[in-house]
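Engineer: Please see the structure below; I have some questions.
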Amino acid sequence: MRLYSYWRSSAAYRVRIALALKGIPYECVPVHLVRDGGQQHSPEYKRLNPGGRVPTLEVGGQALYQSMAILEWLEETHPLVPLLPADPIGRARVRGIAQLIVSDIQPLQNISVTNYLRDEAHWASEQTAAWLRHWIGRGMAAVEQALDDPATGSFCHGDSPTLADLCLVPQCYASRRFGVDVAAYPRIAGIERRCLEMPEFRVAAPEAQPDAEVAAR
């Protein structure tokens, strides 16, 4: 199993957490999203992933892409250490929280978007930074509200990590990069802290990756 990853990609980060929680060994293949104009745009990589994004999980010659599809595949094929609740309502709630993050927040902070704002819309860096803080903060507030629910336990849903936590922790990391203080959201901050106490989350963290760049942290 081979994971094409970038150290601080939120989408790759969530897949790395799932692989660690499920105890699945894999080879990490770094894809630098900035170097050489973005290695994800190379013809070789786009033959694996037509969208030209990370992650891609290569399994037996088959390339799987889009992190949520990869996570669902991992759940279906490696059901031990489940990442979805047993009941349909619980599964829907977990998927809903995850989608608040991966559909409403993360796409706006992607490098393709920020590059467009810089190169095509000619926004100043301060203008882009303010725009990112607004939309990330608005999204995090929605997640914080969603967690104000009896179904929330030590983690987003109950007392073990689910797909929602796998999406939340990388988003917390990204939020800080873009100037949003996670401490402003106490439920989120508490769940993140408990997740990061687990070795599976720590081994998947950006700074633990083989392609981590000290100067960029």
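Convention: chains lettered A, B, ... in structure tokens order; per-chain residue numbering from 1; ligands numbered from 1 as shown.
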Determine, counting only C-alpha atoms, which protein, DNA and RNA residues have an atom within 12 Å of an atom of Ser103 in chain A; residues of the same chain fewer than 3 positions away are not included. Present the result as a list in words.
Structural biologist: Ala11, Gln66, Ser67, Met68, Arg95, Gly96, Ile97, Ala98, Gln99, Leu100, Gln106, Pro107, Leu108, Gln109, Asn110, Ile136, Gly139, Cys167 and Gln171 of chain A
Engineer: Enumerate, as a ChimeraX atom specification, the complete set of residues in range 28-170 of chain A that a backbone-based DSSP assignment places in alpha helix (DSSP H).
Structural biologist: /A:43-48,67-77,88-102,106-109,111-119,125-146,163-170
Engineer: Would you kindly return, as a PyMOL selection string, each protein, DNA or RNA residue with an atom no farther than 12 Å from any atom of Ala164 in chain A, considering only C-alpha atoms and excluding same-chain residues fewer than 2 positions away?
Structural biologist: chain A and resi 14+17-18+68+71+83-85+90-102+143+146-147+152+155-158+160-162+166-171+188+191-192+195
Engineer: Restricting the calculation to only C-alpha atoms, which member of A:Leu64, A:Val34, A:Met1, A:Ala174 is positioned closest to Asn115 in chain A?
Structural biologist: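 Of A:Leu64, A:Val34, A:Met1, A:Ala174, the one nearest Asn115 in chain A is A:Val34, counting only C-alpha atoms.
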Engineer: Using only C-alpha atoms, which residues sit within 12 Å of Arg47 in chain A once same-chain residues fewer than 4 positions away are excluded, as a tab-separated table (two decimals) with N, CA and C atoms, in the first residue's frame?
Structural biologist:
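Once written, out-v5.tsv looks like this:
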```
chain	number	residue	atom	x	y	z
A	40	GLN	N	2.09	17.86	-7.88
A	40	GLN	CA	0.79	17.23	-8.10
A	40	GLN	C	0.25	17.49	-9.51
A	41	HIS	N	0.85	18.44	-10.21
A	41	HIS	CA	0.41	18.77	-11.57
A	41	HIS	C	1.17	18.01	-12.64
A	42	SER	N	2.15	17.20	-12.24
A	42	SER	CA	2.94	16.49	-13.24
A	42	SER	C	2.09	15.46	-13.97
A	43	PRO	N	2.38	15.19	-15.24
A	43	PRO	CA	1.61	14.19	-15.99
A	43	PRO	C	1.63	12.82	-15.31
A	51	GLY	N	-7.47	14.68	-10.56
A	51	GLY	CA	-7.69	16.00	-9.96
A	51	GLY	C	-6.41	16.71	-9.59
A	52	GLY	N	-5.29	16.00	-9.60
A	52	GLY	CA	-4.03	16.62	-9.27
A	52	GLY	C	-3.96	17.12	-7.85
A	53	ARG	N	-4.44	16.29	-6.92
A	53	ARG	CA	-4.40	16.66	-5.50
A	53	ARG	C	-3.84	15.48	-4.70
A	56	THR	N	-3.36	10.32	-2.64
A	56	THR	CA	-3.76	9.17	-3.45
A	56	THR	C	-3.27	7.93	-2.70
A	58	GLU	N	-2.53	4.03	-3.33
A	58	GLU	CA	-2.35	3.02	-4.36
A	58	GLU	C	-2.39	1.64	-3.71
A	62	GLN	N	-4.25	-0.23	-8.11
A	62	GLN	CA	-5.42	0.63	-8.25
A	62	GLN	C	-5.21	1.90	-7.43
A	63	ALA	N	-5.45	3.05	-8.05
A	63	ALA	CA	-5.28	4.32	-7.36
A	63	ALA	C	-6.62	4.81	-6.84
A	64	LEU	N	-6.69	5.06	-5.53
A	64	LEU	CA	-7.87	5.63	-4.90
A	64	LEU	C	-7.58	7.08	-4.56
A	65	TYR	N	-8.53	7.97	-4.84
A	65	TYR	CA	-8.30	9.38	-4.54
A	65	TYR	C	-9.55	9.99	-3.92
```
Engineer: Quick one: residues within 7 Å of Tyr4 in chain A, only C-alpha atoms counted, chain neighbours fewer than 6 positions away excluded, as a ChimeraX atom specification?
Structural biologist: /A:28-31,54-57
Engineer: Please, what distance in Å, to one decimal, runs between CA of Ile105 in chain A and CA of Leu163 in chain A?
Structural biologist: 15.8 Å
Engineer: Using DSSP assignments from the backbone, pull out every residue in range 23-204 of chain A that falls under strand (DSSP E or B) and give it to me as a list in words.
Structural biologist: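 The strand (DSSP E or B) subset of range 23-204 of chain A is Glu27, Cys28, Val29, Pro30, Thr56, Leu57, Glu58, Val59, Gln62, Ala63, Leu64, Tyr65, Thr152 and Gly158 of chain A.
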Engineer: Can you spit out the residues from that selection as a compact mmCIF listing (two decimals), in the first residue's frame, using C-alpha atoms?
Structural biologist:
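Here's the written file part-v9.txt:
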```txt
# COMPACT_ATOMS: atom_id res chain seq x y z
CA GLU A 27 4.87 3.40 2.06
CA CYS A 28 4.77 7.21 2.07
CA VAL A 29 5.54 8.89 -1.27
CA PRO A 30 5.91 12.66 -0.80
CA THR A 56 -3.76 9.17 -3.45
CA LEU A 57 -3.73 5.65 -2.00
CA GLU A 58 -2.35 3.02 -4.36
CA VAL A 59 -3.56 -0.48 -3.57
CA GLN A 62 -5.42 0.63 -8.25
CA ALA A 63 -5.28 4.32 -7.36
CA LEU A 64 -7.87 5.63 -4.90
CA TYR A 65 -8.30 9.38 -4.54
CA THR A 152 -20.50 14.35 21.87
CA GLY A 158 -18.87 9.22 21.87
```
Engineer: Pick from A:Tyr45, A:Phe178, A:Tyr26, A:Tyr173: nearest to Trp7 in chain A, with only C-alpha atoms counted?
Structural biologist: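 Going through A:Tyr45, A:Phe178, A:Tyr26, A:Tyr173 one by one, the smallest distance to Trp7 in chain A is for A:Tyr173.
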